[in-house]
file my_file_14.cif (mmCIF, N, CA and C atoms)
data_entry
loop_
_atom_site.label_atom_id
_atom_site.label_comp_id
_atom_site.auth_asym_id
_atom_site.auth_seq_id
_atom_site.Cartn_x
_atom_site.Cartn_y
_atom_site.Cartn_z
N MET O 1005 -19.97 47.50 -44.47
CA MET O 1005 -18.58 47.13 -44.38
C MET O 1005 -18.31 46.39 -43.07
N LYS O 1006 -18.91 46.87 -41.98
CA LYS O 1006 -18.74 46.20 -40.69
C LYS O 1006 -19.31 44.79 -40.73
N LEU O 1007 -20.39 44.63 -41.45
CA LEU O 1007 -21.03 43.32 -41.55
C LEU O 1007 -20.09 42.30 -42.23
N ASN O 1008 -19.36 42.74 -43.27
CA ASN O 1008 -18.41 41.86 -43.95
C ASN O 1008 -17.28 41.43 -43.02
N ARG O 1009 -16.81 42.32 -42.17
CA ARG O 1009 -15.73 41.99 -41.25
C ARG O 1009 -16.16 40.94 -40.24
N ILE O 1010 -17.38 40.92 -39.88
CA ILE O 1010 -17.88 39.95 -38.90
C ILE O 1010 -18.37 38.68 -39.61
N ALA O 1011 -19.09 38.84 -40.70
CA ALA O 1011 -19.71 37.70 -41.38
C ALA O 1011 -18.69 36.78 -42.04
N THR O 1012 -17.65 37.33 -42.65
CA THR O 1012 -16.69 36.51 -43.37
C THR O 1012 -15.96 35.54 -42.44
N PRO O 1013 -15.37 36.00 -41.33
CA PRO O 1013 -14.73 35.03 -40.43
C PRO O 1013 -15.73 34.03 -39.81
N LEU O 1014 -16.93 34.50 -39.55
CA LEU O 1014 -17.95 33.62 -38.98
C LEU O 1014 -18.31 32.51 -39.97
N MET O 1015 -18.46 32.84 -41.24
CA MET O 1015 -18.76 31.83 -42.25
C MET O 1015 -17.61 30.84 -42.39
N ALA O 1016 -16.38 31.35 -42.30
CA ALA O 1016 -15.22 30.46 -42.40
C ALA O 1016 -15.20 29.46 -41.24
N VAL O 1017 -15.52 29.93 -40.04
CA VAL O 1017 -15.55 29.05 -38.87
C VAL O 1017 -16.63 27.99 -39.04
N VAL O 1018 -17.78 28.38 -39.53
CA VAL O 1018 -18.88 27.43 -39.72
C VAL O 1018 -18.50 26.38 -40.75
N LEU O 1019 -17.92 26.80 -41.85
CA LEU O 1019 -17.52 25.86 -42.90
C LEU O 1019 -16.42 24.91 -42.43
N MET O 1020 -15.46 25.42 -41.69
CA MET O 1020 -14.35 24.59 -41.21
C MET O 1020 -14.81 23.59 -40.15
N SER O 1021 -15.76 23.96 -39.33
CA SER O 1021 -16.21 23.05 -38.28
C SER O 1021 -17.06 21.91 -38.85
N GLY O 1022 -17.66 22.09 -39.99
CA GLY O 1022 -18.47 21.04 -40.60
C GLY O 1022 -17.64 20.02 -41.34
N ALA O 1023 -16.43 20.35 -41.75
CA ALA O 1023 -15.61 19.45 -42.55
C ALA O 1023 -15.30 18.13 -41.83
N PRO O 1024 -14.90 18.14 -40.56
CA PRO O 1024 -14.63 16.85 -39.90
C PRO O 1024 -15.88 15.97 -39.81
N PHE O 1025 -17.04 16.58 -39.65
CA PHE O 1025 -18.26 15.81 -39.58
C PHE O 1025 -18.52 15.08 -40.89
N PHE O 1026 -18.37 15.77 -42.01
CA PHE O 1026 -18.59 15.17 -43.31
C PHE O 1026 -17.53 14.11 -43.62
N ALA O 1027 -16.30 14.37 -43.22
CA ALA O 1027 -15.23 13.40 -43.46
C ALA O 1027 -15.48 12.12 -42.67
N HIS O 1028 -15.95 12.25 -41.43
CA HIS O 1028 -16.24 11.08 -40.61
C HIS O 1028 -17.40 10.29 -41.22
N ALA O 1029 -18.42 10.96 -41.68
CA ALA O 1029 -19.56 10.29 -42.28
C ALA O 1029 -19.13 9.55 -43.55
N GLN O 1030 -18.28 10.16 -44.32
CA GLN O 1030 -17.81 9.53 -45.55
C GLN O 1030 -16.97 8.30 -45.23
N ASN O 1031 -16.10 8.38 -44.24
CA ASN O 1031 -15.26 7.24 -43.85
C ASN O 1031 -16.10 6.07 -43.36
N SER O 1032 -17.14 6.35 -42.57
CA SER O 1032 -17.96 5.26 -42.05
C SER O 1032 -18.77 4.60 -43.16
N GLN O 1033 -19.17 5.36 -44.18
CA GLN O 1033 -19.88 4.77 -45.30
C GLN O 1033 -18.96 3.89 -46.13
N GLN O 1034 -17.70 4.26 -46.24
CA GLN O 1034 -16.76 3.47 -47.02
C GLN O 1034 -16.38 2.20 -46.28
N GLN O 1035 -16.34 2.22 -44.97
CA GLN O 1035 -15.92 1.05 -44.20
C GLN O 1035 -17.03 0.01 -44.09
N ASN O 1036 -18.28 0.42 -44.03
CA ASN O 1036 -19.37 -0.53 -43.85
C ASN O 1036 -19.49 -1.53 -44.98
N PRO O 1037 -19.50 -1.13 -46.25
CA PRO O 1037 -19.59 -2.15 -47.30
C PRO O 1037 -18.40 -3.11 -47.28
N GLN O 1038 -17.23 -2.61 -46.96
CA GLN O 1038 -16.05 -3.46 -46.94
C GLN O 1038 -16.16 -4.51 -45.83
N SER O 1039 -16.65 -4.12 -44.67
CA SER O 1039 -16.77 -5.09 -43.58
C SER O 1039 -17.83 -6.13 -43.89
N GLN O 1040 -18.87 -5.76 -44.65
CA GLN O 1040 -19.88 -6.74 -45.03
C GLN O 1040 -19.30 -7.76 -46.01
N ILE O 1041 -18.41 -7.32 -46.88
CA ILE O 1041 -17.80 -8.22 -47.84
C ILE O 1041 -16.88 -9.20 -47.12
N GLN O 1042 -16.18 -8.75 -46.11
CA GLN O 1042 -15.22 -9.61 -45.42
C GLN O 1042 -15.88 -10.58 -44.45
N ASP O 1043 -17.12 -10.34 -44.07
CA ASP O 1043 -17.75 -11.19 -43.06
C ASP O 1043 -17.85 -12.64 -43.49
N TRP O 1044 -18.17 -12.92 -44.72
CA TRP O 1044 -18.40 -14.30 -45.15
C TRP O 1044 -17.10 -15.11 -45.13
N ASN O 1045 -15.97 -14.46 -45.32
CA ASN O 1045 -14.71 -15.23 -45.39
C ASN O 1045 -13.84 -15.07 -44.16
N THR O 1046 -14.40 -14.57 -43.09
CA THR O 1046 -13.66 -14.46 -41.83
C THR O 1046 -13.78 -15.78 -41.09
N PRO O 1047 -12.66 -16.41 -40.75
CA PRO O 1047 -12.74 -17.70 -40.05
C PRO O 1047 -13.43 -17.56 -38.70
N PRO O 1048 -14.21 -18.54 -38.31
CA PRO O 1048 -14.84 -18.49 -36.98
C PRO O 1048 -13.78 -18.62 -35.89
N ALA O 1049 -14.15 -18.22 -34.71
CA ALA O 1049 -13.23 -18.32 -33.58
C ALA O 1049 -12.88 -19.78 -33.35
N GLY O 1050 -11.66 -20.02 -32.99
CA GLY O 1050 -11.21 -21.39 -32.73
C GLY O 1050 -9.70 -21.43 -32.72
N THR O 1051 -9.19 -22.63 -32.79
CA THR O 1051 -7.75 -22.80 -32.77
C THR O 1051 -7.14 -22.26 -34.07
N GLU O 1052 -5.86 -22.06 -34.03
CA GLU O 1052 -5.16 -21.58 -35.23
C GLU O 1052 -5.29 -22.59 -36.37
N GLN O 1053 -5.25 -23.87 -36.04
CA GLN O 1053 -5.37 -24.91 -37.06
C GLN O 1053 -6.77 -24.90 -37.69
N ALA O 1054 -7.79 -24.68 -36.87
CA ALA O 1054 -9.15 -24.64 -37.39
C ALA O 1054 -9.35 -23.42 -38.29
N GLN O 1055 -8.80 -22.28 -37.89
CA GLN O 1055 -8.90 -21.09 -38.72
C GLN O 1055 -8.17 -21.28 -40.04
N GLN O 1056 -7.01 -21.94 -39.99
CA GLN O 1056 -6.27 -22.22 -41.21
C GLN O 1056 -7.06 -23.17 -42.10
N GLY O 1057 -7.75 -24.13 -41.50
CA GLY O 1057 -8.59 -25.04 -42.26
C GLY O 1057 -9.69 -24.31 -43.00
N PHE O 1058 -10.30 -23.32 -42.36
CA PHE O 1058 -11.35 -22.53 -42.99
C PHE O 1058 -10.79 -21.78 -44.20
N ARG O 1059 -9.65 -21.12 -44.01
CA ARG O 1059 -9.03 -20.38 -45.12
C ARG O 1059 -8.61 -21.32 -46.25
N ASP O 1060 -8.07 -22.48 -45.88
CA ASP O 1060 -7.68 -23.46 -46.90
C ASP O 1060 -8.89 -23.97 -47.67
N GLY O 1061 -10.01 -24.15 -46.97
CA GLY O 1061 -11.24 -24.59 -47.63
C GLY O 1061 -11.72 -23.58 -48.66
N ILE O 1062 -11.62 -22.30 -48.33
CA ILE O 1062 -12.01 -21.25 -49.28
C ILE O 1062 -11.13 -21.32 -50.53
N GLU O 1063 -9.84 -21.43 -50.32
CA GLU O 1063 -8.92 -21.48 -51.45
C GLU O 1063 -9.12 -22.75 -52.29
N ALA O 1064 -9.37 -23.87 -51.62
CA ALA O 1064 -9.58 -25.13 -52.34
C ALA O 1064 -10.83 -25.04 -53.22
N ALA O 1065 -11.88 -24.43 -52.70
CA ALA O 1065 -13.11 -24.29 -53.50
C ALA O 1065 -12.86 -23.41 -54.72
N LYS O 1066 -12.11 -22.32 -54.53
CA LYS O 1066 -11.79 -21.45 -55.67
C LYS O 1066 -11.00 -22.22 -56.73
N LEU O 1067 -10.01 -22.97 -56.28
CA LEU O 1067 -9.16 -23.72 -57.21
C LEU O 1067 -9.95 -24.83 -57.92
N ASP O 1068 -10.79 -25.54 -57.17
CA ASP O 1068 -11.59 -26.60 -57.78
C ASP O 1068 -12.51 -26.05 -58.85
N LYS O 1069 -13.13 -24.91 -58.55
CA LYS O 1069 -14.04 -24.30 -59.52
C LYS O 1069 -13.28 -23.81 -60.74
N ALA O 1070 -12.14 -23.18 -60.53
CA ALA O 1070 -11.34 -22.65 -61.64
C ALA O 1070 -10.82 -23.78 -62.53
N ALA O 1071 -10.44 -24.91 -61.92
CA ALA O 1071 -9.91 -26.04 -62.68
C ALA O 1071 -11.01 -26.97 -63.19
N LYS O 1072 -12.26 -26.60 -62.88
CA LYS O 1072 -13.43 -27.40 -63.30
C LYS O 1072 -13.34 -28.84 -62.79
N ARG O 1073 -12.85 -28.95 -61.54
CA ARG O 1073 -12.80 -30.25 -60.88
C ARG O 1073 -14.11 -30.50 -60.15
N LYS O 1074 -14.26 -31.69 -59.65
CA LYS O 1074 -15.42 -32.06 -58.86
C LYS O 1074 -15.52 -31.11 -57.65
N ILE O 1075 -16.71 -30.58 -57.43
CA ILE O 1075 -16.92 -29.65 -56.32
C ILE O 1075 -17.31 -30.47 -55.09
N ASP O 1076 -16.32 -30.83 -54.31
CA ASP O 1076 -16.53 -31.64 -53.12
C ASP O 1076 -15.35 -31.44 -52.18
N ALA O 1077 -15.62 -30.94 -51.01
CA ALA O 1077 -14.56 -30.66 -50.05
C ALA O 1077 -13.80 -31.93 -49.67
N LYS O 1078 -14.52 -33.03 -49.55
CA LYS O 1078 -13.89 -34.27 -49.09
C LYS O 1078 -12.97 -34.90 -50.13
N SER O 1079 -13.05 -34.45 -51.37
CA SER O 1079 -12.15 -35.00 -52.39
C SER O 1079 -10.87 -34.17 -52.52
N SER O 1080 -10.79 -33.09 -51.77
CA SER O 1080 -9.61 -32.23 -51.82
C SER O 1080 -8.41 -32.89 -51.13
N HIS O 1081 -7.24 -32.61 -51.67
CA HIS O 1081 -6.00 -33.14 -51.11
C HIS O 1081 -5.80 -32.70 -49.66
N LEU O 1082 -6.09 -31.43 -49.38
CA LEU O 1082 -5.88 -30.93 -48.01
C LEU O 1082 -6.88 -31.52 -47.02
N TYR O 1083 -8.04 -31.92 -47.50
CA TYR O 1083 -8.99 -32.58 -46.61
C TYR O 1083 -8.50 -34.00 -46.29
N LYS O 1084 -8.05 -34.68 -47.32
CA LYS O 1084 -7.58 -36.06 -47.13
C LYS O 1084 -6.28 -36.12 -46.34
N ASN O 1085 -5.41 -35.14 -46.56
CA ASN O 1085 -4.10 -35.10 -45.90
C ASN O 1085 -3.89 -33.74 -45.24
N PRO O 1086 -4.58 -33.51 -44.12
CA PRO O 1086 -4.45 -32.20 -43.47
C PRO O 1086 -3.03 -31.93 -42.99
N PRO O 1087 -2.61 -30.66 -43.05
CA PRO O 1087 -1.25 -30.31 -42.64
C PRO O 1087 -1.09 -30.17 -41.13
N VAL O 1088 -1.94 -30.83 -40.37
CA VAL O 1088 -1.86 -30.79 -38.90
C VAL O 1088 -1.85 -32.23 -38.40
N LYS O 1089 -1.44 -32.40 -37.16
CA LYS O 1089 -1.30 -33.74 -36.61
C LYS O 1089 -2.23 -33.93 -35.41
N GLY O 1090 -2.45 -35.17 -35.09
CA GLY O 1090 -3.17 -35.53 -33.88
C GLY O 1090 -4.63 -35.13 -33.87
N ALA O 1091 -5.05 -34.68 -32.71
CA ALA O 1091 -6.45 -34.34 -32.49
C ALA O 1091 -6.90 -33.13 -33.31
N ALA O 1092 -5.97 -32.32 -33.77
CA ALA O 1092 -6.33 -31.12 -34.53
C ALA O 1092 -6.84 -31.46 -35.93
N ARG O 1093 -6.62 -32.71 -36.39
CA ARG O 1093 -7.05 -33.10 -37.74
C ARG O 1093 -8.55 -32.98 -37.92
N ASP O 1094 -9.32 -33.46 -36.95
CA ASP O 1094 -10.79 -33.40 -37.07
C ASP O 1094 -11.28 -31.96 -37.09
N SER O 1095 -10.70 -31.13 -36.25
CA SER O 1095 -11.07 -29.71 -36.21
C SER O 1095 -10.72 -29.02 -37.53
N TYR O 1096 -9.54 -29.33 -38.06
CA TYR O 1096 -9.11 -28.77 -39.34
C TYR O 1096 -10.07 -29.18 -40.45
N ARG O 1097 -10.39 -30.46 -40.51
CA ARG O 1097 -11.29 -30.96 -41.57
C ARG O 1097 -12.67 -30.33 -41.47
N ASP O 1098 -13.18 -30.21 -40.26
CA ASP O 1098 -14.50 -29.60 -40.07
C ASP O 1098 -14.49 -28.15 -40.55
N SER O 1099 -13.48 -27.40 -40.17
CA SER O 1099 -13.37 -26.01 -40.59
C SER O 1099 -13.10 -25.90 -42.09
N PHE O 1100 -12.35 -26.84 -42.62
CA PHE O 1100 -12.08 -26.87 -44.06
C PHE O 1100 -13.39 -26.98 -44.84
N GLU O 1101 -14.26 -27.90 -44.40
CA GLU O 1101 -15.56 -28.06 -45.07
C GLU O 1101 -16.40 -26.79 -44.96
N LYS O 1102 -16.36 -26.15 -43.80
CA LYS O 1102 -17.13 -24.91 -43.62
C LYS O 1102 -16.61 -23.80 -44.54
N GLY O 1103 -15.31 -23.68 -44.65
CA GLY O 1103 -14.74 -22.68 -45.54
C GLY O 1103 -15.06 -22.97 -47.00
N TYR O 1104 -14.99 -24.23 -47.36
CA TYR O 1104 -15.31 -24.66 -48.72
C TYR O 1104 -16.76 -24.28 -49.05
N GLN O 1105 -17.67 -24.60 -48.14
CA GLN O 1105 -19.09 -24.29 -48.35
C GLN O 1105 -19.33 -22.78 -48.36
N ALA O 1106 -18.63 -22.05 -47.53
CA ALA O 1106 -18.78 -20.59 -47.50
C ALA O 1106 -18.40 -19.99 -48.85
N GLN O 1107 -17.33 -20.50 -49.45
CA GLN O 1107 -16.91 -20.00 -50.77
C GLN O 1107 -17.96 -20.34 -51.83
N LEU O 1108 -18.49 -21.55 -51.80
CA LEU O 1108 -19.50 -21.94 -52.77
C LEU O 1108 -20.77 -21.09 -52.63
N GLN O 1109 -21.19 -20.84 -51.40
CA GLN O 1109 -22.38 -20.01 -51.17
C GLN O 1109 -22.11 -18.58 -51.64
N HIS O 1110 -20.91 -18.08 -51.39
CA HIS O 1110 -20.55 -16.73 -51.82
C HIS O 1110 -20.59 -16.64 -53.35
N ASP O 1111 -20.06 -17.64 -54.02
CA ASP O 1111 -20.08 -17.66 -55.49
C ASP O 1111 -21.50 -17.70 -56.03
N ASN O 1112 -22.37 -18.48 -55.38
CA ASN O 1112 -23.75 -18.62 -55.83
C ASN O 1112 -24.61 -17.41 -55.53
N SER O 1113 -24.19 -16.63 -54.53
CA SER O 1113 -25.00 -15.45 -54.16
C SER O 1113 -24.78 -14.30 -55.13
N GLY O 1114 -23.77 -14.39 -55.97
CA GLY O 1114 -23.52 -13.35 -56.97
C GLY O 1114 -22.79 -12.14 -56.45
N MET O 1115 -22.17 -12.25 -55.30
CA MET O 1115 -21.45 -11.09 -54.74
C MET O 1115 -20.08 -10.99 -55.34
#

call {"tool": "encode", "arguments": {"input": "my_file_14.cif", "output": "structure tokens"}}
result
Amino acid sequence: MKLNRIATPLMAVVLMSGAPFFAHAQNSQQQNPQSQIQDWNTPPAGTEQAQQGFRDGIEAAKLDKAAKRKIDAKSSHLYKNPPVKGAARDSYRDSFEKGYQAQLQHDNSGM
């Protein structure tokens, strides 16, 4: 009887102390695959216009493929007429092409 009085609370403490460890391990396993999926479509560091160009390139590639249009970044309306002015146009176009290619590679990789 004395053993039950000591063993039961001790077992409860052991079980309760392990729960945060298992919860943390489960959370880190869930976050890792998600971060791997997001890596390919994360814009590279640069100006806001360049990052927008990368995102626009991804969307343009999706739309071109869905509409069964010619798969070419340079034939896209946003490439020909970027929504930025001045010196940022070249940076936008360069990032647009990179985003477009990233989407095509992602589609071809089967992910």

call {"tool": "atom_distance", "arguments": {"input": "my_file_14.cif", "atom1": "atom C of Asp1094 of chain O", "atom2": "atom C of Gln1055 of chain O"}}
result
11.5 Å

call {"tool": "select_by_dssp", "arguments": {"input": "my_file_14.cif", "residues": "segment 1053-1108 of chain O", "states": "alpha helix (DSSP H)", "output": "VMD selection string"}}
result
chain O and resid 1053 to 1070 1081 to 1084 1092 to 1108

call {"tool": "write_last_selection", "arguments": {"input": "my_file_14.cif", "atoms": "N, CA and C atoms", "output": "mmCIF file, in the frame of the given file"}}
result
data_model
loop_
_atom_site.group_PDB
_atom_site.id
_atom_site.type_symbol
_atom_site.label_atom_id
_atom_site.label_comp_id
_atom_site.auth_asym_id
_atom_site.auth_seq_id
_atom_site.Cartn_x
_atom_site.Cartn_y
_atom_site.Cartn_z
ATOM 1 N N GLN O 1053 -5.250 -23.870 -36.040
ATOM 2 C CA GLN O 1053 -5.370 -24.910 -37.060
ATOM 3 C C GLN O 1053 -6.770 -24.900 -37.690
ATOM 4 N N ALA O 1054 -7.790 -24.680 -36.870
ATOM 5 C CA ALA O 1054 -9.150 -24.640 -37.390
ATOM 6 C C ALA O 1054 -9.350 -23.420 -38.290
ATOM 7 N N GLN O 1055 -8.800 -22.280 -37.890
ATOM 8 C CA GLN O 1055 -8.900 -21.090 -38.720
ATOM 9 C C GLN O 1055 -8.170 -21.280 -40.040
ATOM 10 N N GLN O 1056 -7.010 -21.940 -39.990
ATOM 11 C CA GLN O 1056 -6.270 -22.220 -41.210
ATOM 12 C C GLN O 1056 -7.060 -23.170 -42.100
ATOM 13 N N GLY O 1057 -7.750 -24.130 -41.500
ATOM 14 C CA GLY O 1057 -8.590 -25.040 -42.260
ATOM 15 C C GLY O 1057 -9.690 -24.310 -43.000
ATOM 16 N N PHE O 1058 -10.300 -23.320 -42.360
ATOM 17 C CA PHE O 1058 -11.350 -22.530 -42.990
ATOM 18 C C PHE O 1058 -10.790 -21.780 -44.200
ATOM 19 N N ARG O 1059 -9.650 -21.120 -44.010
ATOM 20 C CA ARG O 1059 -9.030 -20.380 -45.120
ATOM 21 C C ARG O 1059 -8.610 -21.320 -46.250
ATOM 22 N N ASP O 1060 -8.070 -22.480 -45.880
ATOM 23 C CA ASP O 1060 -7.680 -23.460 -46.900
ATOM 24 C C ASP O 1060 -8.890 -23.970 -47.670
ATOM 25 N N GLY O 1061 -10.010 -24.150 -46.970
ATOM 26 C CA GLY O 1061 -11.240 -24.590 -47.630
ATOM 27 C C GLY O 1061 -11.720 -23.580 -48.660
ATOM 28 N N ILE O 1062 -11.620 -22.300 -48.330
ATOM 29 C CA ILE O 1062 -12.010 -21.250 -49.280
ATOM 30 C C ILE O 1062 -11.130 -21.320 -50.530
ATOM 31 N N GLU O 1063 -9.840 -21.430 -50.320
ATOM 32 C CA GLU O 1063 -8.920 -21.480 -51.450
ATOM 33 C C GLU O 1063 -9.120 -22.750 -52.290
ATOM 34 N N ALA O 1064 -9.370 -23.870 -51.620
ATOM 35 C CA ALA O 1064 -9.580 -25.130 -52.340
ATOM 36 C C ALA O 1064 -10.830 -25.040 -53.220
ATOM 37 N N ALA O 1065 -11.880 -24.430 -52.700
ATOM 38 C CA ALA O 1065 -13.110 -24.290 -53.500
ATOM 39 C C ALA O 1065 -12.860 -23.410 -54.720
ATOM 40 N N LYS O 1066 -12.110 -22.320 -54.530
ATOM 41 C CA LYS O 1066 -11.790 -21.450 -55.670
ATOM 42 C C LYS O 1066 -11.000 -22.220 -56.730
ATOM 43 N N LEU O 1067 -10.010 -22.970 -56.280
ATOM 44 C CA LEU O 1067 -9.160 -23.720 -57.210
ATOM 45 C C LEU O 1067 -9.950 -24.830 -57.920
ATOM 46 N N ASP O 1068 -10.790 -25.540 -57.170
ATOM 47 C CA ASP O 1068 -11.590 -26.600 -57.780
ATOM 48 C C ASP O 1068 -12.510 -26.050 -58.850
ATOM 49 N N LYS O 1069 -13.130 -24.910 -58.550
ATOM 50 C CA LYS O 1069 -14.040 -24.300 -59.520
ATOM 51 C C LYS O 1069 -13.280 -23.810 -60.740
ATOM 52 N N ALA O 1070 -12.140 -23.180 -60.530
ATOM 53 C CA ALA O 1070 -11.340 -22.650 -61.640
ATOM 54 C C ALA O 1070 -10.820 -23.780 -62.530
ATOM 55 N N HIS O 1081 -7.240 -32.610 -51.670
ATOM 56 C CA HIS O 1081 -6.000 -33.140 -51.110
ATOM 57 C C HIS O 1081 -5.800 -32.700 -49.660
ATOM 58 N N LEU O 1082 -6.090 -31.430 -49.380
ATOM 59 C CA LEU O 1082 -5.880 -30.930 -48.010
ATOM 60 C C LEU O 1082 -6.880 -31.520 -47.020
ATOM 61 N N TYR O 1083 -8.040 -31.920 -47.500
ATOM 62 C CA TYR O 1083 -8.990 -32.580 -46.610
ATOM 63 C C TYR O 1083 -8.500 -34.000 -46.290
ATOM 64 N N LYS O 1084 -8.050 -34.680 -47.320
ATOM 65 C CA LYS O 1084 -7.580 -36.060 -47.130
ATOM 66 C C LYS O 1084 -6.280 -36.120 -46.340
ATOM 67 N N ALA O 1092 -5.970 -32.320 -33.770
ATOM 68 C CA ALA O 1092 -6.330 -31.120 -34.530
ATOM 69 C C ALA O 1092 -6.840 -31.460 -35.930
ATOM 70 N N ARG O 1093 -6.620 -32.710 -36.390
ATOM 71 C CA ARG O 1093 -7.050 -33.100 -37.740
ATOM 72 C C ARG O 1093 -8.550 -32.980 -37.920
ATOM 73 N N ASP O 1094 -9.320 -33.460 -36.950
ATOM 74 C CA ASP O 1094 -10.790 -33.400 -37.070
ATOM 75 C C ASP O 1094 -11.280 -31.960 -37.090
ATOM 76 N N SER O 1095 -10.700 -31.130 -36.250
ATOM 77 C CA SER O 1095 -11.070 -29.710 -36.210
ATOM 78 C C SER O 1095 -10.720 -29.020 -37.530
ATOM 79 N N TYR O 1096 -9.540 -29.330 -38.060
ATOM 80 C CA TYR O 1096 -9.110 -28.770 -39.340
ATOM 81 C C TYR O 1096 -10.070 -29.180 -40.450
ATOM 82 N N ARG O 1097 -10.390 -30.460 -40.510
ATOM 83 C CA ARG O 1097 -11.290 -30.960 -41.570
ATOM 84 C C ARG O 1097 -12.670 -30.330 -41.470
ATOM 85 N N ASP O 1098 -13.180 -30.210 -40.260
ATOM 86 C CA ASP O 1098 -14.500 -29.600 -40.070
ATOM 87 C C ASP O 1098 -14.490 -28.150 -40.550
ATOM 88 N N SER O 1099 -13.480 -27.400 -40.170
ATOM 89 C CA SER O 1099 -13.370 -26.010 -40.590
ATOM 90 C C SER O 1099 -13.100 -25.900 -42.090
ATOM 91 N N PHE O 1100 -12.350 -26.840 -42.620
ATOM 92 C CA PHE O 1100 -12.080 -26.870 -44.060
ATOM 93 C C PHE O 1100 -13.390 -26.980 -44.840
ATOM 94 N N GLU O 1101 -14.260 -27.900 -44.400
ATOM 95 C CA GLU O 1101 -15.560 -28.060 -45.070
ATOM 96 C C GLU O 1101 -16.400 -26.790 -44.960
ATOM 97 N N LYS O 1102 -16.360 -26.150 -43.800
ATOM 98 C CA LYS O 1102 -17.130 -24.910 -43.620
ATOM 99 C C LYS O 1102 -16.610 -23.800 -44.540
ATOM 100 N N GLY O 1103 -15.310 -23.680 -44.650
ATOM 101 C CA GLY O 1103 -14.740 -22.680 -45.540
ATOM 102 C C GLY O 1103 -15.060 -22.970 -47.000
ATOM 103 N N TYR O 1104 -14.990 -24.230 -47.360
ATOM 104 C CA TYR O 1104 -15.310 -24.660 -48.720
ATOM 105 C C TYR O 1104 -16.760 -24.280 -49.050
ATOM 106 N N GLN O 1105 -17.670 -24.600 -48.140
ATOM 107 C CA GLN O 1105 -19.090 -24.290 -48.350
ATOM 108 C C GLN O 1105 -19.330 -22.780 -48.360
ATOM 109 N N ALA O 1106 -18.630 -22.050 -47.530
ATOM 110 C CA ALA O 1106 -18.780 -20.590 -47.500
ATOM 111 C C ALA O 1106 -18.400 -19.990 -48.850
ATOM 112 N N GLN O 1107 -17.330 -20.500 -49.450
ATOM 113 C CA GLN O 1107 -16.910 -20.000 -50.770
ATOM 114 C C GLN O 1107 -17.960 -20.340 -51.830
ATOM 115 N N LEU O 1108 -18.490 -21.550 -51.800
ATOM 116 C CA LEU O 1108 -19.500 -21.940 -52.770
ATOM 117 C C LEU O 1108 -20.770 -21.090 -52.630
#

call {"tool": "atom_distance", "arguments": {"input": "my_file_14.cif", "atom1": "atom CA of Asp1060 of chain O", "atom2": "atom CA of Ala1091 of chain O"}}
result
18.1 Å

call {"tool": "atom_distance", "arguments": {"input": "my_file_14.cif", "atom1": "atom N of Tyr1083 of chain O", "atom2": "atom C of Ser1113 of chain O"}}
result
25.5 Å

call {"tool": "closest_residue", "arguments": {"input": "my_file_14.cif", "among": "O:Gln1109, O:Gln1056, O:Arg1093, O:Phe1100", "to": "Lys1078 of chain O", "atoms": "only N, CA and C atoms"}}
result
O:Phe1100

call {"tool": "closest_residue", "arguments": {"input": "my_file_14.cif", "among": "O:Arg1009, O:Ile1062, O:Trp1044, O:Glu1052", "to": "Tyr1104 of chain O", "atoms": "only C-alpha atoms"}}
result
O:Ile1062

call {"tool": "closest_residue", "arguments": {"input": "my_file_14.cif", "among": "O:Ala1070, O:Ser1080, O:Pro1048, O:Gly1057", "to": "Glu1101 of chain O", "atoms": "all atoms listed in the file"}}
result
O:Gly1057

call {"tool": "residues_near_point", "arguments": {"input": "my_file_14.cif", "point": "(-13.1, -21.9, -42.9)", "cutoff": "12 Å", "atoms": "only C-alpha atoms", "output": "VMD selection string"}}
result
chain O and resid 1043 to 1065 1077 1095 to 1108
